[in-house]
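Participant: My structure is in query-v2.txt, and what it holds is compact mmCIF, C-alpha atoms:
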```txt
# COMPACT_ATOMS: atom_id res chain seq x y z
CA MET A 1 95.49 120.33 124.22
CA HIS A 2 98.36 117.87 124.15
CA SER A 3 98.87 115.27 121.50
CA PRO A 4 98.02 111.76 122.69
CA LEU A 5 101.63 111.00 121.78
CA ASP A 6 103.03 113.38 124.39
CA ALA A 7 102.88 111.13 127.43
CA ALA A 8 104.46 108.21 125.62
CA ALA A 9 107.21 110.34 124.22
CA ILE A 10 108.55 111.96 127.36
CA GLY A 11 112.26 111.46 127.45
CA ARG A 12 112.25 110.01 123.97
CA HIS A 13 115.18 110.60 121.67
CA ASP A 14 115.22 110.56 117.95
CA PRO A 15 118.25 108.39 117.16
CA PHE A 16 118.87 110.47 114.08
CA MET A 17 118.86 113.72 116.03
CA PRO A 18 120.78 112.91 119.21
CA HIS A 19 122.18 116.42 119.35
CA ASP A 20 122.37 119.18 116.87
CA HIS A 21 125.53 118.99 114.88
CA HIS A 22 128.07 121.71 115.05
CA ASP A 23 128.55 123.08 111.59
CA HIS A 24 132.14 121.86 111.30
CA ASP A 25 131.13 118.28 112.25
CA ASP A 26 128.34 118.09 109.72
CA PRO A 27 128.90 115.42 107.08
CA HIS A 28 128.18 118.02 104.39
CA ALA A 29 131.32 119.90 105.46
CA LEU A 30 133.35 116.98 104.02
CA LEU A 31 132.23 117.89 100.50
CA PRO A 32 134.11 120.53 98.47
CA PRO A 33 132.99 124.08 99.31
CA GLU A 34 131.94 125.20 95.84
CA PRO A 35 128.25 124.36 95.15
CA ALA A 36 128.66 122.85 91.68
CA LEU A 37 131.48 120.63 92.94
CA ARG A 38 129.50 119.57 96.02
CA VAL A 39 126.59 118.43 93.88
CA LYS A 40 128.91 116.72 91.41
CA ALA A 41 130.74 114.87 94.19
CA LEU A 42 127.52 113.60 95.73
CA GLU A 43 126.11 112.52 92.37
CA THR A 44 129.36 110.71 91.55
CA ILE A 45 129.50 108.77 94.81
CA LEU A 46 125.82 107.82 94.66
CA THR A 47 126.13 106.73 91.04
CA GLN A 48 129.19 104.58 91.85
CA LYS A 49 127.18 102.93 94.63
CA GLY A 50 124.37 102.15 92.18
CA LEU A 51 121.93 104.43 94.03
CA ILE A 52 121.44 107.07 91.36
CA ASP A 53 120.66 106.67 87.68
CA PRO A 54 121.94 109.91 86.10
CA LEU A 55 119.38 109.47 83.32
CA ALA A 56 116.63 109.59 85.95
CA LEU A 57 118.00 112.96 87.09
CA ASP A 58 117.83 114.18 83.49
CA ALA A 59 114.21 113.00 83.29
CA ILE A 60 113.26 114.82 86.51
CA ILE A 61 114.88 118.05 85.32
CA ASP A 62 113.24 117.80 81.90
CA THR A 63 109.83 117.31 83.55
CA TYR A 64 110.03 120.59 85.45
CA GLU A 65 111.86 122.57 82.78
CA THR A 66 109.69 121.67 79.83
CA LYS A 67 106.56 119.70 80.78
CA ILE A 68 105.06 121.12 83.98
CA GLY A 69 104.58 124.86 84.43
CA PRO A 70 102.10 127.69 84.98
CA ARG A 71 100.26 127.04 81.71
CA ASN A 72 98.60 124.17 83.59
CA GLY A 73 97.26 126.51 86.26
CA ALA A 74 96.20 129.03 83.61
CA ARG A 75 94.09 126.35 81.95
CA VAL A 76 92.27 125.74 85.25
CA VAL A 77 91.73 129.46 85.88
CA VAL A 78 90.32 130.12 82.42
CA ARG A 79 87.95 127.20 82.69
CA ALA A 80 86.74 128.57 86.03
CA TRP A 81 86.14 131.94 84.34
CA GLN A 82 84.21 130.33 81.50
CA ASP A 83 82.19 127.64 83.25
CA ASP A 84 80.36 128.45 86.46
CA ALA A 85 79.57 124.81 87.34
CA PHE A 86 83.28 124.00 86.99
CA ARG A 87 84.16 127.05 89.08
CA ARG A 88 81.86 125.95 91.91
CA ALA A 89 83.17 122.38 91.85
CA LEU A 90 86.75 123.71 91.87
CA LEU A 91 86.12 125.92 94.90
CA GLU A 92 84.32 123.08 96.67
CA ASP A 93 87.01 120.40 96.22
CA ALA A 94 89.81 121.23 93.80
CA THR A 95 91.87 118.03 93.99
CA PRO A 96 89.60 115.71 91.92
CA VAL A 97 88.59 118.54 89.60
CA VAL A 98 92.15 119.42 88.55
CA ALA A 99 93.11 115.73 88.51
CA ASP A 100 90.40 115.22 85.87
CA MET A 101 92.26 117.79 83.76
CA GLY A 102 95.47 115.76 84.15
CA PHE A 103 97.08 117.86 86.90
CA PHE A 104 98.08 115.80 89.91
CA GLY A 105 101.13 114.29 91.59
CA ARG A 106 104.06 115.43 93.62
CA GLN A 107 103.44 118.63 95.62
CA GLY A 108 99.87 118.80 94.31
CA GLU A 109 98.36 115.89 96.20
CA HIS A 110 95.87 118.08 98.07
CA MET A 111 94.71 121.19 96.20
CA VAL A 112 92.54 124.07 97.36
CA ALA A 113 91.51 126.89 95.00
CA VAL A 114 90.75 130.32 96.46
CA GLU A 115 88.99 132.97 94.44
CA ASN A 116 89.75 136.68 94.33
CA THR A 117 86.74 138.98 94.45
CA PRO A 118 86.29 142.75 94.68
CA GLN A 119 86.12 142.22 98.47
CA VAL A 120 89.02 139.77 99.01
CA HIS A 121 92.46 139.36 97.48
CA ASN A 122 94.22 136.04 98.19
CA MET A 123 97.99 135.56 98.24
CA VAL A 124 100.07 132.44 98.98
CA VAL A 125 103.37 132.01 100.83
CA CYS A 126 105.26 129.27 102.63
CA THR A 127 107.01 130.95 105.55
CA LEU A 128 108.64 127.73 106.82
CA CYS A 129 110.09 126.44 103.54
CA SER A 130 108.92 126.73 99.93
CA CYS A 131 105.69 124.72 99.51
CA TYR A 132 104.14 125.39 96.10
CA PRO A 133 101.63 123.62 93.81
CA TRP A 134 104.10 122.00 91.39
CA PRO A 135 101.62 120.21 89.06
CA LEU A 136 99.79 123.49 88.37
CA LEU A 137 102.57 126.09 88.51
CA GLY A 138 105.84 124.17 88.12
CA LEU A 139 108.71 124.87 90.49
CA PRO A 140 108.59 128.09 92.53
CA PRO A 141 110.40 131.21 91.28
CA GLY A 142 113.44 132.45 93.17
CA TRP A 143 111.64 135.31 94.92
CA TYR A 144 109.01 132.89 96.34
CA LYS A 145 111.81 131.04 98.13
CA SER A 146 113.58 134.21 99.28
CA ASP A 147 113.87 135.19 102.92
CA ALA A 148 112.33 138.58 102.12
CA TYR A 149 109.12 137.09 100.71
CA ARG A 150 108.83 134.37 103.36
CA ALA A 151 109.42 136.84 106.20
CA ARG A 152 107.30 139.73 104.97
CA ALA A 153 104.33 138.33 103.02
CA VAL A 154 102.44 137.47 106.22
CA ARG A 155 103.20 140.70 108.12
CA GLU A 156 103.01 143.33 105.38
CA PRO A 157 101.38 141.79 102.31
CA ARG A 158 100.36 145.18 100.91
CA ALA A 159 103.91 146.49 101.03
CA VAL A 160 105.09 143.30 99.29
CA LEU A 161 102.34 143.60 96.67
CA ALA A 162 103.45 147.18 95.98
CA GLU A 163 106.90 145.80 95.13
CA PHE A 164 105.15 143.71 92.47
CA GLY A 165 103.36 146.83 91.23
CA VAL A 166 100.03 145.77 92.73
CA HIS A 167 98.05 148.37 94.71
CA LEU A 168 94.78 147.18 96.22
CA PRO A 169 91.84 149.41 97.08
CA ALA A 170 91.26 150.06 100.79
CA ASP A 171 87.95 148.19 100.71
CA GLN A 172 89.55 144.95 99.49
CA ALA A 173 90.82 142.70 102.31
CA VAL A 174 93.97 140.58 101.92
CA ARG A 175 93.97 136.93 102.90
CA VAL A 176 97.49 135.50 103.03
CA TRP A 177 97.58 131.69 102.96
CA ASP A 178 100.70 130.32 104.68
CA SER A 179 101.13 126.75 103.34
CA THR A 180 102.22 125.08 106.56
CA ALA A 181 100.84 121.61 105.70
CA GLU A 182 100.58 119.50 102.52
CA ILE A 183 97.62 121.50 101.21
CA ARG A 184 98.61 123.50 98.14
CA TYR A 185 96.77 126.69 97.22
CA LEU A 186 95.92 128.07 93.79
CA VAL A 187 94.63 131.64 93.53
CA ILE A 188 91.90 132.23 90.94
CA PRO A 189 92.49 135.84 89.88
CA GLN A 190 89.58 138.11 88.99
CA ARG A 191 88.67 138.03 85.32
CA PRO A 192 89.60 141.38 83.79
CA ALA A 193 86.82 143.55 82.41
CA GLY A 194 86.34 143.62 78.65
CA THR A 195 87.35 140.00 78.03
CA GLN A 196 83.94 138.58 77.10
CA GLY A 197 84.83 138.07 73.46
CA LEU A 198 88.17 136.33 74.02
CA ASP A 199 88.70 132.64 73.33
CA THR A 200 90.46 130.20 75.66
CA ALA A 201 93.94 130.75 74.24
CA ALA A 202 93.65 134.53 74.47
CA LEU A 203 92.34 134.31 78.03
CA MET A 204 95.17 131.98 79.07
CA ASP A 205 97.68 134.60 77.98
CA LEU A 206 96.20 136.96 80.57
CA VAL A 207 96.78 134.52 83.45
CA THR A 208 100.31 135.06 84.72
CA ARG A 209 102.12 132.81 87.16
CA ASP A 210 102.16 135.61 89.73
CA SER A 211 98.40 136.11 89.41
CA MET A 212 97.92 132.50 90.54
CA ILE A 213 100.22 133.04 93.56
CA GLY A 214 98.39 136.28 94.32
CA THR A 215 101.36 138.60 93.89
CA GLY A 216 99.95 139.78 90.58
CA LEU A 217 96.63 140.41 88.87
CA ALA A 218 95.49 138.92 85.58
CA ARG A 219 96.63 141.08 82.67
CA THR A 220 94.14 143.30 80.89
CA PRO A 221 94.02 142.75 77.12
CA MET B 1 113.50 126.91 120.77
CA SER B 2 113.27 128.70 117.44
CA ARG B 3 115.19 127.99 114.27
CA LEU B 4 116.10 130.31 111.43
CA HIS B 5 113.67 128.76 108.94
CA ASP B 6 110.72 129.98 111.04
CA MET B 7 111.01 133.50 109.64
CA GLY B 8 107.41 134.61 109.09
CA GLY B 9 107.01 138.21 110.29
CA ARG B 10 110.75 138.86 110.67
CA HIS B 11 112.01 142.40 110.04
CA GLY B 12 115.06 143.47 108.11
CA ASP B 13 115.11 141.32 104.97
CA GLY B 14 114.70 144.19 102.52
CA PRO B 15 112.59 144.28 99.37
CA VAL B 16 111.28 141.28 97.44
CA ARG B 17 112.81 141.25 93.98
CA PRO B 18 110.35 139.85 91.43
CA ASP B 19 112.15 138.07 88.61
CA SER B 20 109.41 137.07 86.23
CA ASP B 21 111.84 136.41 83.37
CA ALA B 22 114.44 134.48 85.38
CA PRO B 23 115.19 130.97 84.11
CA GLN B 24 113.91 128.05 86.16
CA PHE B 25 117.49 127.25 87.18
CA GLU B 26 120.18 129.93 87.15
CA HIS B 27 122.93 127.29 87.21
CA PRO B 28 122.86 123.67 86.05
CA TRP B 29 124.01 122.45 89.50
CA GLN B 30 120.76 123.74 91.00
CA ALA B 31 118.70 121.52 88.71
CA ARG B 32 121.02 118.63 89.56
CA ALA B 33 120.60 119.31 93.30
CA LEU B 34 116.83 119.21 92.99
CA ALA B 35 116.82 116.01 90.95
CA LEU B 36 119.40 114.31 93.17
CA THR B 37 117.34 115.09 96.27
CA LEU B 38 114.14 113.74 94.71
CA ALA B 39 115.86 110.60 93.41
CA ALA B 40 117.64 109.92 96.73
CA GLY B 41 114.32 110.32 98.53
CA GLY B 42 113.07 107.42 96.42
CA LEU B 43 115.51 105.09 98.20
CA GLY B 44 112.94 105.09 101.03
CA GLN B 45 115.35 105.86 103.86
CA TRP B 46 113.39 108.93 105.00
CA ASN B 47 110.13 110.75 104.40
CA LEU B 48 109.29 114.33 103.43
CA ASP B 49 109.11 115.52 107.04
CA VAL B 50 112.52 114.06 107.84
CA SER B 51 114.06 115.77 104.84
CA ARG B 52 112.43 119.14 105.66
CA HIS B 53 113.75 118.84 109.21
CA ALA B 54 117.22 118.03 107.89
CA ARG B 55 117.24 121.42 106.14
CA GLU B 56 115.86 123.23 109.18
CA ARG B 57 118.46 121.83 111.54
CA LEU B 58 121.44 122.93 109.49
CA SER B 59 123.43 125.16 111.82
CA PRO B 60 122.10 128.74 111.82
CA LYS B 61 125.38 129.84 110.29
CA ASP B 62 124.99 127.40 107.39
CA TYR B 63 121.26 128.07 106.99
CA ALA B 64 121.96 131.78 106.62
CA ARG B 65 124.95 131.53 104.27
CA PHE B 66 123.70 128.78 101.95
CA SER B 67 121.52 129.58 98.97
CA TYR B 68 118.32 127.60 98.53
CA PHE B 69 119.68 124.53 96.72
CA GLU B 70 122.90 124.58 98.75
CA LYS B 71 120.67 123.91 101.77
CA TRP B 72 119.14 120.98 99.92
CA ILE B 73 122.51 119.46 99.10
CA ALA B 74 123.93 119.97 102.59
CA ALA B 75 120.85 118.40 104.19
CA LEU B 76 120.97 115.51 101.71
CA ALA B 77 124.64 114.80 102.48
CA ASN B 78 123.89 114.84 106.22
CA LEU B 79 120.91 112.49 105.86
CA LEU B 80 122.82 110.04 103.67
CA VAL B 81 125.52 109.69 106.34
CA GLU B 82 123.11 109.69 109.31
CA ARG B 83 121.08 106.88 107.73
CA GLY B 84 124.16 104.87 106.86
CA VAL B 85 123.69 105.12 103.10
CA LEU B 86 127.12 106.75 102.70
CA THR B 87 130.08 107.00 105.04
CA ARG B 88 131.99 110.10 106.05
CA LYS B 89 135.01 108.53 104.40
CA GLU B 90 133.18 108.25 101.08
CA LEU B 91 132.14 111.91 101.26
CA SER B 92 135.62 113.13 102.07
CA GLU B 93 137.31 110.96 99.41
CA GLY B 94 134.68 111.67 96.76
CA ARG B 95 134.31 108.04 95.72
CA ALA B 96 132.33 104.96 96.75
CA ASP B 97 133.92 102.17 98.79
CA GLY B 98 131.65 99.64 97.13
CA PRO B 99 128.11 99.04 95.87
CA SER B 100 125.15 99.67 98.17
CA ALA B 101 122.70 97.05 99.44
CA LEU B 102 119.95 99.56 98.59
CA ALA B 103 120.78 99.54 94.87
CA GLY B 104 117.60 97.59 94.06
CA LYS B 105 115.56 100.65 95.07
CA THR B 106 117.29 103.02 92.67
CA LEU B 107 114.94 105.26 90.71
CA ARG B 108 115.30 104.50 87.00
CA ALA B 109 114.67 106.99 84.21
CA ASP B 110 111.66 105.04 82.94
CA GLN B 111 110.03 105.21 86.40
CA VAL B 112 110.34 108.99 86.84
CA ALA B 113 107.06 110.02 85.23
CA ALA B 114 105.04 107.50 87.23
CA VAL B 115 106.73 108.38 90.53
CA LEU B 116 106.20 112.12 90.08
CA ALA B 117 102.58 111.55 89.02
CA LYS B 118 101.90 109.36 92.02
CA GLY B 119 103.13 111.89 94.57
CA ALA B 120 102.82 111.13 98.26
CA PRO B 121 99.39 112.03 99.63
CA SER B 122 99.42 112.91 103.33
CA ASP B 123 95.76 112.29 104.09
CA ARG B 124 94.97 109.25 106.22
CA PRO B 125 91.89 107.57 107.66
CA ALA B 126 90.87 109.54 110.77
CA THR B 127 91.83 107.98 114.08
CA THR B 128 90.67 111.00 116.12
CA ALA B 129 87.32 112.75 115.78
CA PRO B 130 87.60 116.35 114.58
CA GLN B 131 87.23 118.58 117.59
CA PHE B 132 86.45 121.74 115.59
CA GLN B 133 84.13 122.81 112.78
CA PRO B 134 84.26 125.77 110.39
CA GLY B 135 83.35 128.91 112.33
CA ASP B 136 84.78 127.67 115.65
CA ARG B 137 87.09 130.02 117.49
CA VAL B 138 90.40 128.42 118.41
CA ARG B 139 93.61 129.44 120.12
CA SER B 140 96.94 128.16 118.86
CA ARG B 141 99.47 126.84 121.36
CA ARG B 142 101.47 129.58 122.96
CA ILE B 143 104.88 128.07 122.28
CA SER B 144 105.46 126.68 118.86
CA GLY B 145 107.98 123.93 119.63
CA ASN B 146 107.72 120.20 118.94
CA ARG B 147 106.24 118.63 122.10
CA LEU B 148 107.71 115.21 121.42
CA PHE B 149 111.35 116.06 120.75
CA ASP B 150 113.19 119.11 121.99
CA GLY B 151 114.27 121.04 118.91
CA GLY B 152 112.22 118.74 116.70
CA HIS B 153 110.26 119.47 113.55
CA THR B 154 106.98 121.36 113.86
CA ARG B 155 104.72 123.28 111.50
CA LEU B 156 103.19 125.83 113.85
CA PRO B 157 105.01 129.02 112.85
CA GLY B 158 106.26 131.11 115.75
CA TYR B 159 104.32 134.18 114.61
CA ALA B 160 101.02 132.22 114.79
CA ALA B 161 101.58 130.81 118.29
CA GLY B 162 99.21 131.86 121.07
CA ALA B 163 96.77 133.67 118.78
CA VAL B 164 92.98 133.41 118.54
CA GLY B 165 91.52 132.71 115.12
CA GLN B 166 88.65 130.98 113.39
CA VAL B 167 88.51 127.65 111.62
CA VAL B 168 87.68 128.25 107.95
CA ARG B 169 88.28 124.79 106.47
CA VAL B 170 88.53 121.23 107.73
CA HIS B 171 91.01 119.28 105.59
CA GLY B 172 90.46 115.82 107.08
CA ALA B 173 93.13 113.81 108.91
CA HIS B 174 96.74 114.20 107.76
CA VAL B 175 100.12 112.81 108.75
CA PHE B 176 101.39 114.72 111.81
CA PRO B 177 104.83 116.14 110.93
CA ASP B 178 105.96 116.49 114.56
CA ALA B 179 105.77 112.69 114.86
CA SER B 180 106.51 111.69 111.28
CA ALA B 181 109.82 113.59 111.19
CA HIS B 182 111.09 111.57 114.14
CA GLY B 183 110.28 107.95 113.42
CA LEU B 184 106.93 107.85 115.26
CA GLY B 185 104.89 106.94 112.20
CA ASP B 186 102.05 108.89 110.61
CA ALA B 187 100.09 109.62 113.85
CA PRO B 188 97.36 111.32 111.75
CA GLU B 189 95.41 114.22 113.23
CA PRO B 190 92.62 116.45 111.92
CA LEU B 191 94.04 119.42 110.01
CA TYR B 192 92.36 122.82 109.82
CA ALA B 193 92.82 126.08 107.95
CA VAL B 194 92.68 128.72 110.68
CA ALA B 195 92.22 132.42 109.86
CA PHE B 196 93.88 134.90 112.19
CA PRO B 197 93.11 138.62 111.97
CA ALA B 198 96.32 140.50 111.18
CA SER B 199 95.68 142.46 114.38
CA ALA B 200 96.00 139.22 116.41
CA LEU B 201 99.50 138.59 115.00
CA TRP B 202 101.22 141.93 114.46
CA THR B 203 101.86 145.05 116.49
CA HIS B 204 101.25 147.24 113.45
CA PRO B 205 98.87 145.45 111.07
CA GLU B 206 98.62 147.08 107.66
CA HIS B 207 94.84 146.95 107.42
CA PRO B 208 92.07 146.06 109.91
CA ALA B 209 90.38 143.61 107.53
CA ASP B 210 93.47 141.59 106.54
CA GLU B 211 93.96 137.98 107.66
CA VAL B 212 96.62 135.29 107.64
CA ILE B 213 95.47 131.69 107.24
CA THR B 214 97.65 128.78 108.30
CA ASP B 215 97.05 125.04 108.17
CA LEU B 216 97.27 123.71 111.73
CA TRP B 217 96.93 120.25 113.23
CA GLN B 218 94.43 119.59 116.01
CA SER B 219 97.01 119.23 118.78
CA TYR B 220 98.30 122.74 117.95
CA LEU B 221 94.86 124.13 118.90
CA GLU B 222 92.49 124.53 121.80
CA PRO B 223 88.98 125.98 121.99
CA ALA B 224 88.85 129.76 122.50
```
Could the structure of this file be written out as structure tokens, please?
Facilitator:
Amino acid sequence: MHSPLDAAAIGRHDPFMPHDHHDHDDPHALLPPEPALRVKALETILTQKGLIDPLALDAIIDTYETKIGPRNGARVVVRAWQDDAFRRALLEDATPVVADMGFFGRQGEHMVAVENTPQVHNMVVCTLCSCYPWPLLGLPPGWYKSDAYRARAVREPRAVLAEFGVHLPADQAVRVWDSTAEIRYLVIPQRPAGTQGLDTAALMDLVTRDSMIGTGLARTP
Amino acid sequence: MSRLHDMGGRHGDGPVRPDSDAPQFEHPWQARALALTLAAGGLGQWNLDVSRHARERLSPKDYARFSYFEKWIAALANLLVERGVLTRKELSEGRADGPSALAGKTLRADQVAAVLAKGAPSDRPATTAPQFQPGDRVRSRRISGNRLFDGGHTRLPGYAAGAVGQVVRVHGAHVFPDASAHGLGDAPEPLYAVAFPASALWTHPEHPADEVITDLWQSYLEPA
């Protein structure tokens, strides 16, 4: 099945991609080689041109270092554990449900929650880049962006899980979600046994970042 | 046809090294690179698909030797010159030749929270009827390249090309990256989550019940 665009686009050229660059012709090669100096040079030029407000950069960094992180996702998971109507609404259409809790915005525009059960363990990767649900989990950890995780999570998820110390029973299937579009996935880990008496704060401490990516399980108290 | 970023299924990368206690940014320049890329995107000279493609089309040598945020910075520098925001001379001299006509679009500190909260939804009103429903068997296209531009951006991973799977979710119509990355507008298409048995993708699947699910646009698929 061809896209309806195909016929119109035959012979078309993207003016911004006339040919691939050779690495030595790339504009980026004009910047200093050392990473910190490259970034500094670019920020300096853009600031001189009036295109960057350095205080806006500080505000962006502060947002992801101190305001948005996996505690947001943990709040959603615990509520799903505690409230079955919420859980069902979350699994049906997560985007408005988490937005009601104040979690929305960049890299979380379209959310899907997937639930682990004794039969199915879910795990999330982005093999093509590093897509990740920022409003619920913050920025991705280094290993999530690594070649090893991107390359291997789809082909040998159980071997990768073992490297995280997770060993699944043979009767539990693995579903690996490769985030190839703008849909962002949140894993709802299984609620550990023996947690009936715990309050929300205590439950949230059991919900690790990795358990919401699917490379970990919720902690047992 | 392939590029290095399309690495799903590749052998030889070694173990994953979990780093649960690592700081968000190991070096301050990495945080700066992230913020600079987001703020420069706000100038409106390109969209998300264009900027992803700019990272993917770094030369294989650069893609392999650069760390994550080095790729971001290299792609940003390339885009800024390609779109005429900066000149090669400015990059090589490390200073601006003069103010930019785009300066009115500059992201200000007091706008950051609202811009990040707003995001950039990719869903669009449907212009094509969905061809598939949950439960339908589909086959992905056998070659995963962009059909509009040779070497262009696409989101069908190589490992998932030419495989038979089942639609498990219909996400509605979304911006089509293969068009959007190359100046052809949103060209929205129905988007589906398609589950492939591991045995349909790999020579040695780990477990007969395991699956990989990828989000695929309608023109990547045909009935099976």
Participant: Excluding Met7 in chain B and any residue of its chain fewer than 3 positions from it, enumerate the residues within 9 Å of it, using all atoms listed in the file, and give them as a PDB file with C-alpha atoms, keeping the file's coordinate frame.
Facilitator:
```
ATOM      1  CA  THR A 127     107.010 130.950 105.550  1.00  0.00           C
ATOM      2  CA  LEU A 128     108.640 127.730 106.820  1.00  0.00           C
ATOM      3  CA  ASP A 147     113.870 135.190 102.920  1.00  0.00           C
ATOM      4  CA  ARG A 150     108.830 134.370 103.360  1.00  0.00           C
ATOM      5  CA  ALA A 151     109.420 136.840 106.200  1.00  0.00           C
ATOM      6  CA  ARG A 152     107.300 139.730 104.970  1.00  0.00           C
TER       7      ARG A 152
ATOM      8  CA  ARG B   3     115.190 127.990 114.270  1.00  0.00           C
ATOM      9  CA  LEU B   4     116.100 130.310 111.430  1.00  0.00           C
ATOM     10  CA  ARG B  10     110.750 138.860 110.670  1.00  0.00           C
ATOM     11  CA  HIS B  11     112.010 142.400 110.040  1.00  0.00           C
ATOM     12  CA  PRO B 157     105.010 129.020 112.850  1.00  0.00           C
ATOM     13  CA  GLY B 158     106.260 131.110 115.750  1.00  0.00           C
ATOM     14  CA  TYR B 159     104.320 134.180 114.610  1.00  0.00           C
TER      15      TYR B 159
END
```
Participant: Can you tell me how far CA of Val166 in chain A sits from CA of Asn122 in chain A, in Å to one decimal?
Facilitator: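 For CA of Val166 in chain A relative to CA of Asn122 in chain A, the distance reads 12.6 Å.
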Participant: Do you know which residues are at most 8 Å from Thr37 in chain B counting all atoms listed in the file, after dropping those on the same chain fewer than 5 positions away, and could you put them as a compact mmCIF listing (two decimals) with C-alpha atoms, in the frame of the given file?
Facilitator:
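Result file follows (out02.txt):
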```txt
# COMPACT_ATOMS: atom_id res chain seq x y z
CA TRP B 72 119.14 120.98 99.92
CA ILE B 73 122.51 119.46 99.10
CA LEU B 76 120.97 115.51 101.71
```
Participant: May I have the residues within 12 Å of Ala193 in chain A as an mmCIF file with C-alpha atoms, in the frame of the given file, using all atoms listed in the file and disregarding those fewer than 5 positions away in the same chain?
Facilitator:
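Saved as around_32.cif:
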```cif
data_model
loop_
_atom_site.group_PDB
_atom_site.id
_atom_site.type_symbol
_atom_site.label_atom_id
_atom_site.label_comp_id
_atom_site.auth_asym_id
_atom_site.auth_seq_id
_atom_site.Cartn_x
_atom_site.Cartn_y
_atom_site.Cartn_z
ATOM 1 C CA TRP A 81 86.140 131.940 84.340
ATOM 2 C CA LEU A 198 88.170 136.330 74.020
ATOM 3 C CA LEU A 203 92.340 134.310 78.030
ATOM 4 C CA LEU A 206 96.200 136.960 80.570
ATOM 5 C CA ALA A 218 95.490 138.920 85.580
ATOM 6 C CA ARG A 219 96.630 141.080 82.670
ATOM 7 C CA THR A 220 94.140 143.300 80.890
ATOM 8 C CA PRO A 221 94.020 142.750 77.120
#
```
Participant: Report, as AutoDock Vina command-line options, the axis-aligned box around all atoms of range 82-90 of chain B present in the file, extended by 3 Å on each side; give centre and edge lengths in Å to one decimal place.
Facilitator:
```
--center_x 128.0 --center_y 107.5 --center_z 105.2 --size_x 19.9 --size_y 11.2 --size_z 14.2
```
Participant: Would you kindly return, as a PDB file with C-alpha atoms, in the frame of the given file, each protein, DNA or RNA residue with an atom no farther than 9 Å from any atom of Met111 in chain A, considering only C-alpha atoms and excluding same-chain residues fewer than 5 positions away?
Facilitator:
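For reference, part_13.pdb as written:
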```
ATOM      1  CA  ASP A  93      87.010 120.400  96.220  1.00  0.00           C
ATOM      2  CA  ALA A  94      89.810 121.230  93.800  1.00  0.00           C
ATOM      3  CA  THR A  95      91.870 118.030  93.990  1.00  0.00           C
ATOM      4  CA  PRO A  96      89.600 115.710  91.920  1.00  0.00           C
ATOM      5  CA  VAL A  98      92.150 119.420  88.550  1.00  0.00           C
ATOM      6  CA  PHE A 104      98.080 115.800  89.910  1.00  0.00           C
ATOM      7  CA  PRO A 133     101.630 123.620  93.810  1.00  0.00           C
ATOM      8  CA  GLU A 182     100.580 119.500 102.520  1.00  0.00           C
ATOM      9  CA  ILE A 183      97.620 121.500 101.210  1.00  0.00           C
ATOM     10  CA  ARG A 184      98.610 123.500  98.140  1.00  0.00           C
ATOM     11  CA  TYR A 185      96.770 126.690  97.220  1.00  0.00           C
ATOM     12  CA  LEU A 186      95.920 128.070  93.790  1.00  0.00           C
TER      13      LEU A 186
END
```
Participant: Give the residues of chain B that lie within 6 Å of chain A; count all atoms listed in the file, and format the answer as a PyMOL selection string.
Facilitator: chain B and resi 5-10+13+16+18+29+35+59+74+77-78+91-92+94-96+99-100+103+106+108-109+116-119+121+148+155+182+209-215+219+222
Participant: Please determine, counting only C-alpha atoms, which residue among A:Ile213, A:His167, A:Leu137, A:Gly197 has the shortest atom-to-atom distance to Gly73 in chain A.
Facilitator: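 Checking each candidate against Gly73 in chain A, we get A:Leu137 as the closest.
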Participant: Kindly extract all protein, DNA and RNA residues lying within 12 Å of the coordinates (112.7, 103.0, 101.0) given in the file, considering all atoms listed in the file, and supply them as a ChimeraX atom specification.
Facilitator: /A:51 /B:39-47,83,85,101-107
Participant: Between CA of Phe196 in chain B and CA of Arg169 in chain B, what is the distance, to one decimal in Å?
Facilitator: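 Between CA of Phe196 in chain B and CA of Arg169 in chain B the gap is 12.9 Å.
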